[in-house]
Amino acid sequence: MTNPLLDNEGLPAFSAIRPEHVEPAIDALLAENREQLEDLLAGTDEPSWETVVEPLEAMDDRLSRTWSPVSHLNAVMNNDALREAYNACLPKLTAYTTEMGQNSALAKAYKAVREREDFASLGAAQRKSVENAIRDFRLSGVDLPTDKKERYREIASRLSALSAKFEENVMDATNAWQKHIHNETELAGLPESTLAVARQAAEREGTDGYLLTLDFPCFFGVLAHCDNRALREEMYTAFGTRASDQGPHAGQWDNSAIMEEILALRHEKAQLLGFSNYAELSLATKMAESTDQVTGFLEDLAAKARPQAERELAALRDYAASELGLEELQPWDTTWATEKLRQARYQLSREDLRPYFSADRVMDGLFQVVERLYGVQIVENTARVDTWHDDVRFYEIRDPDGSVRGQYYTDLYARAKKRGGAWMDVCRMRRAHAGKTQIPVAYLTCNFTPSVAGKPSLLTHGEVETLFHEFGHGLHHMLTRVDCAAVSGIAGVPWDAVELPSQFMENWCWEREALDLFALHVETGERIPDDLYQRMQAAKNFQSAMQMVRQLEFSLFDFRLHADYDPAAGARIFETLDAIRDQVSVMKPPAWHRFPHSFGHIFAGGYAAGYYSYKWAEVLSADAFSRFEEEGIFNQQTGRDFLENILEKGGSEDLMDMYVAFRGREPQIDALLRHNGLAA
């Protein structure tokens with residue numbers, strides 16, 4: 001059938017997507033898929049790769065490519081009509097996915113494929129995709145009795161709706177808060193970059209002065225630089241109580257009951273499948289072997305980092321009291337005081353580096369780094385595609401022979417009705433069919449400070465790291481050579497290793513040889529001076545232990561929330577959080593702070609009982625980069641080895657086997673500790 005949501009090249013036709021078209025298109029596609037599956041199973045006496053897996057992969061791909069642009073638009077160009085269409089489709093898609101996962105005849109067909117004499121002659125990616133599918137049938141409840149299958153379906157549908165509502169509440173609460181300031185003296189200390197964004201926001205509203213919002217560039221600019229303590233406290237309170245029972249919009253978009261229900265349903269789902277808790281279920285598809293291994297890993301890191309974090313906080317408090325007149329350092333003072341101490345200790349502010357990181361040049365430098373490492377070419381081709389906003393750009397990654405390897409959209413700047421944060425998402429998978437290879441396509445989304453008054457967008461060094469990080473995910477998706485969609489790119493990769501390529505890419509943001517490719521002053525074109533670069537390096541691990549324990553707090557909170565869930569006691573969200581903070585944290589927020597209510601990674605994303613993945617994968621990424629430190633950061637053979645053993649293979653082989661093939665041994669934690677300034 002003709003798909004109204006795609007153009008004639010199979011790329012999303014964004015300008016043609018209308019909310020009223022979405023549900024009919026999905027309904028028609030689901031009906032067609034169900035009919036095809038029935039015909040496929042009825043007409044297959046001897047299931048094989050060609051008669052079962054290939055047709056099913058084609059059906060899944062057609063559905064994925066149709067839904068992907070709708071889901072993406074809902075995140076980046078949200079409006080009431082699109083949200084309604086999106087939410088109308090969610091239960092239908094969830095029901096279909098669960099129905100497929102619980103289809104006993106289909107599961108039996110996959111097992112028959114595995115039991116064929118010629119199974120061993122299939123490629124590694126084909127065998128892995130079949131093995132993964134058989135595992136996933138079990139995790140979808142295919143072996144459950146009828147009544148429990150039905151309950152599983154109810155849980156899956158409800159969880160899908162709750163996660164979407166959680167994310168909507170965070171977005172609505174973020175968009176609802178704003179503060180109009182006419183007197184610039186109230187904004188003393190703010191850099192011009194933040195003032196310009198606030199001034200432009202006010203102009204859009206048809207007024208003068210400055211409009212402050214909770215979009216991250218504005219929020220962070222105030223917390224880090226504004227001398228107005230009362231304003232810092234007001235914005236800290238608004239941001240930290242979003243979508244909760246506290247703060248300026250208390251109860252209006254409250255995620256409290258949603259979190260409780262999500263955790264209860266996840267636990268019930270895990271127990272239906274024979275697991276003790278949801279953390280155990282989560283690990284069924286990850287590298288980590290047990291819940292004890294995960295908590296032991298995190299607690300060991302905390303034991304190594306916390307003593308130094310306590311010393312860092314003590315130094316900050318001493319400085320705030322003696323130099324800033326703050327006898328009691330409050331949470332809304334911490335980022336501001338940190339910036340002051342960084343300047344005093346290293347003569348370096350985050351803003352000092354911003355003029356060297358114009359967004360366009362950073363993108364160009366990122367391309368040069370990738371081209372040197374992997375021998376590909378990246379070119380812009382925005383004019384030939386349909387996009388959803390004027391900020392969007394479209395690029396192609398080409399092999400040396402000129403053939404297109406991958407394509408991607410970038411949407412880099414913060415705006416209203418756009419989900420916060422930064423992420424890479426799949427637009428289209430690589431797969432082979434009928435002698436043709438479908439090119440993988442990705443979305444790369446960030447929320448950087450936009451261009452103001454025709455001037456280039458200037459990034460902080462932290463935003464440069466974010467861009468490199470997300471592009472690392474994109475490379476994992478786009479540079480794959482695997483032709484089976486189920487294990488192509490990031491598909492099939494254990495979730496606690498999926499951050500390896502992304503965190504790995506961040507390292508080039510600190511290397512002089514790489515920075516010289518793109519860190520050029522926006523006005524003079526000069527490279528970062530040696531003295532500034534040395535100060536930047538000296539400050540690299542400034543408060544690194546405080547940052548480490550903060551991430552460990554998130555990771556342990558998430559994992560224990562799911563591992564220790566007790567139906568009789570309920571979620572115990574803040575009881576759990578307080579216990580974790582007693583164990584690992586050095587500075588606690590106020591009792592009214594509601595961080596969990598906007599923790600989308602675990603309540604609306606894919607990181608439930610898996611947020612530890614960031615630290616787990618950081619061991620891999622730091623150790624992997626240490627080979628480049630030994631052999632040269634642009635060593636072509638080292639880059640080729642990473643490309644061929646990690647990026648190209650996607651999820652087609654065991655991750656540890658792939659890593660050992662690249663590194664020559666299993667990963668060691670030494671590089672992580674050294675990179676974070678925690679080595680003995």
# chains A, B, ... in the order shown; residues from 1 in each chain; ligands from 1

call {"tool": "closest_atom_pairs", "arguments": {"of": "stretch 504-569 of chain A", "to": "stretch 669-679 of chain A", "cutoff": "9 Å", "atoms": "only C-alpha atoms", "output": "JSON lines"}}
result
{"residue": "A:Lys540", "atom": "CA", "partner": "A:Asn676", "partner_atom": "CA", "distance": 8.4}
{"residue": "A:Asn541", "atom": "CA", "partner": "A:Gly677", "partner_atom": "CA", "distance": 5.8}
{"residue": "A:Phe542", "atom": "CA", "partner": "A:Gly677", "partner_atom": "CA", "distance": 8.7}
{"residue": "A:Ser544", "atom": "CA", "partner": "A:Asn676", "partner_atom": "CA", "distance": 6.0}
{"residue": "A:Ala545", "atom": "CA", "partner": "A:Leu678", "partner_atom": "CA", "distance": 7.4}
{"residue": "A:Met548", "atom": "CA", "partner": "A:Asn676", "partner_atom": "CA", "distance": 8.3}

call {"tool": "residues_around", "arguments": {"residues": "A:Arg428", "least_positions_apart": "4", "cutoff": "8 Å", "atoms": "only C-alpha atoms", "output": "PyMOL selection string"}}
result
chain A and resi 61+64-65+68+439-442

call {"tool": "closest_residue", "arguments": {"among": "A:Ile258, A:Ile646, A:Leu139, A:Leu30", "to": "A:His597", "atoms": "only C-alpha atoms"}}
result
A:Ile258

call {"tool": "residues_around", "arguments": {"residues": "A:Arg384", "least_positions_apart": "3", "cutoff": "12 Å", "atoms": "only C-alpha atoms", "output": "list in words"}}
result
Asp7, Asn8, Glu9, Leu11, Ala13, Glu380, Asn381, Thr387, Arg393, Phe394, Tyr395 and Glu396 of chain A

call {"tool": "write_last_selection", "arguments": {"atoms": "C-alpha atoms", "output": "PDB file, in the first residue's frame"}}
result
ATOM      1  CA  ASP A   7       8.271  10.233   0.514  1.00  0.00           C
ATOM      2  CA  ASN A   8       9.210   8.319  -2.613  1.00  0.00           C
ATOM      3  CA  GLU A   9      12.662   7.507  -1.213  1.00  0.00           C
ATOM      4  CA  LEU A  11      12.328   9.173   4.078  1.00  0.00           C
ATOM      5  CA  ALA A  13       7.464  13.346   4.492  1.00  0.00           C
ATOM      6  CA  GLU A 380      25.265  18.164   3.876  1.00  0.00           C
ATOM      7  CA  ASN A 381      22.285  17.517   1.636  1.00  0.00           C
ATOM      8  CA  THR A 387      12.286  18.702   7.341  1.00  0.00           C
ATOM      9  CA  ARG A 393      19.916  19.923   8.692  1.00  0.00           C
ATOM     10  CA  PHE A 394      20.332  16.657   6.772  1.00  0.00           C
ATOM     11  CA  TYR A 395      23.665  14.939   6.120  1.00  0.00           C
ATOM     12  CA  GLU A 396      25.035  11.865   4.414  1.00  0.00           C
TER      13      GLU A 396
END

call {"tool": "atom_distance", "arguments": {"atom1": "atom CA of A:Val370", "atom2": "atom CA of A:Met658"}}
result
20.6 Å

call {"tool": "closest_atom_pairs", "arguments": {"of": "stretch 334-403 of chain A", "to": "stretch 225-231 of chain A", "cutoff": "12 Å", "atoms": "only C-alpha atoms", "output": "tab-separated table"}}
result
residue	atom	partner	partner_atom	distance
A:Thr334	CA	A:His225	CA	10.8
A:Thr335	CA	A:His225	CA	8.1
A:Trp336	CA	A:His225	CA	5.5
A:Ala337	CA	A:His225	CA	8.8
A:Thr338	CA	A:His225	CA	9.7
A:Glu339	CA	A:His225	CA	7.3
A:Lys340	CA	A:His225	CA	8.5
A:Leu341	CA	A:His225	CA	12.0
A:Gln343	CA	A:His225	CA	11.6
A:Ser349	CA	A:His225	CA	9.7
A:Arg350	CA	A:His225	CA	9.8
A:Glu351	CA	A:His225	CA	9.6

call {"tool": "residues_around", "arguments": {"residues": "stretch 503-511 of chain A", "least_positions_apart": "3", "cutoff": "9 Å", "atoms": "only C-alpha atoms", "output": "ChimeraX atom specification"}}
result
/A:366,369,461,464-473,499-500,514-516,536-537,540,614,617-618,620-622,624-625,633

call {"tool": "write_last_selection", "arguments": {"atoms": "C-alpha atoms", "output": "mmCIF file, in the first residue's frame"}}
result
data_model
loop_
_atom_site.group_PDB
_atom_site.id
_atom_site.type_symbol
_atom_site.label_atom_id
_atom_site.label_comp_id
_atom_site.auth_asym_id
_atom_site.auth_seq_id
_atom_site.Cartn_x
_atom_site.Cartn_y
_atom_site.Cartn_z
ATOM 1 C CA LEU A 366 33.218 16.643 14.382
ATOM 2 C CA VAL A 369 37.408 13.784 13.433
ATOM 3 C CA HIS A 461 32.518 22.959 26.032
ATOM 4 C CA VAL A 464 30.403 20.218 22.533
ATOM 5 C CA GLU A 465 30.817 17.012 24.555
ATOM 6 C CA THR A 466 27.060 16.404 24.324
ATOM 7 C CA LEU A 467 27.130 16.782 20.540
ATOM 8 C CA PHE A 468 30.060 14.370 20.201
ATOM 9 C CA HIS A 469 28.286 11.957 22.569
ATOM 10 C CA GLU A 470 25.057 11.854 20.583
ATOM 11 C CA PHE A 471 26.948 11.589 17.311
ATOM 12 C CA GLY A 472 28.727 8.556 18.760
ATOM 13 C CA HIS A 473 25.317 6.904 19.128
ATOM 14 C CA GLU A 499 26.785 4.039 25.708
ATOM 15 C CA LEU A 500 30.238 2.757 24.702
ATOM 16 C CA ALA A 514 41.300 17.364 17.542
ATOM 17 C CA LEU A 515 40.368 20.765 19.016
ATOM 18 C CA ASP A 516 42.636 22.508 16.519
ATOM 19 C CA MET A 536 41.175 23.923 30.392
ATOM 20 C CA GLN A 537 43.152 20.712 30.925
ATOM 21 C CA LYS A 540 39.174 18.993 33.460
ATOM 22 C CA TYR A 614 26.343 5.040 31.824
ATOM 23 C CA ALA A 617 29.848 1.581 29.596
ATOM 24 C CA GLU A 618 32.230 4.323 30.732
ATOM 25 C CA LEU A 620 34.528 0.232 28.334
ATOM 26 C CA SER A 621 34.826 3.634 26.629
ATOM 27 C CA ALA A 622 37.714 4.869 28.793
ATOM 28 C CA ALA A 624 38.940 1.628 24.597
ATOM 29 C CA PHE A 625 40.241 5.197 24.274
ATOM 30 C CA ILE A 633 44.345 9.573 18.655
#

call {"tool": "closest_atom_pairs", "arguments": {"of": "stretch 130-197 of chain A", "to": "stretch 107-118 of chain A", "cutoff": "10 Å", "atoms": "only C-alpha atoms", "output": "CSV"}}
result
residue,atom,partner,partner_atom,distance
A:Val130,CA,A:Tyr110,CA,6.6
A:Glu131,CA,A:Arg114,CA,7.7
A:Ala133,CA,A:Tyr110,CA,7.6
A:Ile134,CA,A:Ala107,CA,6.6
A:Arg135,CA,A:Ala107,CA,9.7
A:Asp136,CA,A:Ala107,CA,9.5
A:Phe137,CA,A:Ala107,CA,6.4
A:Arg138,CA,A:Ala107,CA,8.8
A:Val142,CA,A:Ala107,CA,7.6
A:Asp143,CA,A:Ala107,CA,9.6

call {"tool": "closest_residue", "arguments": {"among": "A:Asn103, A:Ser129, A:Ser290, A:Thr194", "to": "A:Leu211", "atoms": "only C-alpha atoms"}}
result
A:Thr194

call {"tool": "closest_residue", "arguments": {"among": "A:Arg527, A:His433, A:Arg481, A:Arg535", "to": "A:Leu348", "atoms": "only C-alpha atoms"}}
result
A:Arg535

call {"tool": "residues_around", "arguments": {"residues": "A:Pro529", "least_positions_apart": "2", "cutoff": "12 Å", "atoms": "only C-alpha atoms", "output": "ChimeraX atom specification"}}
result
/A:352-353,356,512,515-516,519-521,525-527,531-536

call {"tool": "write_last_selection", "arguments": {"atoms": "N, CA and C atoms", "output": "PDB file, in the first residue's frame"}}
result
ATOM      1  N   ASP A 352      34.425  31.409  28.949  1.00  0.00           N
ATOM      2  CA  ASP A 352      35.690  31.755  28.293  1.00  0.00           C
ATOM      3  C   ASP A 352      35.917  30.940  27.036  1.00  0.00           C
ATOM      4  N   LEU A 353      35.385  29.720  27.017  1.00  0.00           N
ATOM      5  CA  LEU A 353      35.606  28.840  25.867  1.00  0.00           C
ATOM      6  C   LEU A 353      34.520  28.974  24.808  1.00  0.00           C
ATOM      7  N   TYR A 356      35.059  30.033  21.136  1.00  0.00           N
ATOM      8  CA  TYR A 356      35.818  29.114  20.283  1.00  0.00           C
ATOM      9  C   TYR A 356      34.960  27.977  19.737  1.00  0.00           C
ATOM     10  N   ARG A 512      44.187  18.206  21.997  1.00  0.00           N
ATOM     11  CA  ARG A 512      44.624  19.390  21.249  1.00  0.00           C
ATOM     12  C   ARG A 512      44.571  19.151  19.743  1.00  0.00           C
ATOM     13  N   LEU A 515      40.920  19.421  18.803  1.00  0.00           N
ATOM     14  CA  LEU A 515      40.368  20.765  19.016  1.00  0.00           C
ATOM     15  C   LEU A 515      40.855  21.742  17.953  1.00  0.00           C
ATOM     16  N   ASP A 516      42.086  21.583  17.514  1.00  0.00           N
ATOM     17  CA  ASP A 516      42.636  22.508  16.519  1.00  0.00           C
ATOM     18  C   ASP A 516      41.915  22.428  15.179  1.00  0.00           C
ATOM     19  N   ALA A 519      38.106  24.328  17.055  1.00  0.00           N
ATOM     20  CA  ALA A 519      38.002  25.310  18.136  1.00  0.00           C
ATOM     21  C   ALA A 519      38.682  26.602  17.707  1.00  0.00           C
ATOM     22  N   LEU A 520      37.976  27.390  16.915  1.00  0.00           N
ATOM     23  CA  LEU A 520      38.497  28.632  16.343  1.00  0.00           C
ATOM     24  C   LEU A 520      37.642  29.804  16.823  1.00  0.00           C
ATOM     25  N   HIS A 521      38.296  30.866  17.251  1.00  0.00           N
ATOM     26  CA  HIS A 521      37.571  32.015  17.793  1.00  0.00           C
ATOM     27  C   HIS A 521      36.603  32.571  16.758  1.00  0.00           C
ATOM     28  N   GLY A 525      39.228  33.854  14.388  1.00  0.00           N
ATOM     29  CA  GLY A 525      39.618  32.621  13.723  1.00  0.00           C
ATOM     30  C   GLY A 525      40.816  31.946  14.354  1.00  0.00           C
ATOM     31  N   GLU A 526      41.299  32.479  15.470  1.00  0.00           N
ATOM     32  CA  GLU A 526      42.478  31.901  16.115  1.00  0.00           C
ATOM     33  C   GLU A 526      42.116  30.659  16.910  1.00  0.00           C
ATOM     34  N   ARG A 527      43.093  29.734  16.995  1.00  0.00           N
ATOM     35  CA  ARG A 527      42.910  28.538  17.806  1.00  0.00           C
ATOM     36  C   ARG A 527      42.988  28.891  19.285  1.00  0.00           C
ATOM     37  N   ASP A 531      47.929  28.889  26.734  1.00  0.00           N
ATOM     38  CA  ASP A 531      47.671  29.078  28.165  1.00  0.00           C
ATOM     39  C   ASP A 531      46.221  28.743  28.509  1.00  0.00           C
ATOM     40  N   LEU A 532      45.286  29.085  27.614  1.00  0.00           N
ATOM     41  CA  LEU A 532      43.881  28.760  27.855  1.00  0.00           C
ATOM     42  C   LEU A 532      43.665  27.253  27.781  1.00  0.00           C
ATOM     43  N   TYR A 533      44.329  26.609  26.830  1.00  0.00           N
ATOM     44  CA  TYR A 533      44.208  25.153  26.716  1.00  0.00           C
ATOM     45  C   TYR A 533      44.753  24.467  27.966  1.00  0.00           C
ATOM     46  N   GLN A 534      45.874  24.963  28.478  1.00  0.00           N
ATOM     47  CA  GLN A 534      46.452  24.364  29.679  1.00  0.00           C
ATOM     48  C   GLN A 534      45.527  24.550  30.877  1.00  0.00           C
ATOM     49  N   ARG A 535      44.870  25.713  30.963  1.00  0.00           N
ATOM     50  CA  ARG A 535      43.918  25.934  32.053  1.00  0.00           C
ATOM     51  C   ARG A 535      42.706  25.015  31.908  1.00  0.00           C
ATOM     52  N   MET A 536      42.291  24.828  30.675  1.00  0.00           N
ATOM     53  CA  MET A 536      41.175  23.923  30.392  1.00  0.00           C
ATOM     54  C   MET A 536      41.520  22.492  30.833  1.00  0.00           C
TER      55      MET A 536
END

call {"tool": "closest_residue", "arguments": {"among": "A:Ala305, A:Ile397, A:Val222, A:Ala173", "to": "A:Gln368", "atoms": "only C-alpha atoms"}}
result
A:Ile397

call {"tool": "residues_around", "arguments": {"residues": "A:Ala309", "least_positions_apart": "2", "cutoff": "8 Å", "atoms": "only C-alpha atoms", "output": "list in words"}}
result
Ala305, Arg306, Pro307, Arg311, Glu312, Leu313, Gln543, Ser544, Ala545, Met546, Val549 and Val586 of chain A

call {"tool": "closest_residue", "arguments": {"among": "A:Gly189, A:Gly274, A:Pro589, A:Pro667", "to": "A:Leu329", "atoms": "only C-alpha atoms"}}
result
A:Pro589

call {"tool": "residues_around", "arguments": {"residues": "A:Val197", "least_positions_apart": "3", "cutoff": "9 Å", "atoms": "only C-alpha atoms", "output": "ChimeraX atom specification"}}
result
/A:192-194,200-202,210-212,217-218,449-452

call {"tool": "write_last_selection", "arguments": {"atoms": "C-alpha atoms", "output": "PDB file, in the first residue's frame"}}
result
ATOM      1  CA  GLU A 192      25.625  37.917  27.078  1.00  0.00           C
ATOM      2  CA  SER A 193      24.818  34.470  25.650  1.00  0.00           C
ATOM      3  CA  THR A 194      22.072  33.917  28.243  1.00  0.00           C
ATOM      4  CA  GLN A 200      14.873  37.113  22.157  1.00  0.00           C
ATOM      5  CA  ALA A 201      12.278  35.111  24.116  1.00  0.00           C
ATOM      6  CA  ALA A 202      10.703  38.363  25.314  1.00  0.00           C
ATOM      7  CA  TYR A 210      13.935  39.552  29.389  1.00  0.00           C
ATOM      8  CA  LEU A 211      11.879  36.372  29.538  1.00  0.00           C
ATOM      9  CA  LEU A 212      13.385  33.563  31.586  1.00  0.00           C
ATOM     10  CA  PRO A 217      20.365  26.902  28.326  1.00  0.00           C
ATOM     11  CA  CYS A 218      18.460  29.637  30.179  1.00  0.00           C
ATOM     12  CA  THR A 449      21.564  27.890  22.939  1.00  0.00           C
ATOM     13  CA  PRO A 450      20.141  29.048  19.602  1.00  0.00           C
ATOM     14  CA  SER A 451      21.469  31.707  17.284  1.00  0.00           C
ATOM     15  CA  VAL A 452      20.338  35.166  18.348  1.00  0.00           C
TER      16      VAL A 452
END

call {"tool": "select_by_dssp", "arguments": {"residues": "stretch 423-464 of chain A", "states": "strand (DSSP E)", "output": "ChimeraX atom specification"}}
result
/A:423-428,431-433,436-438,441-448
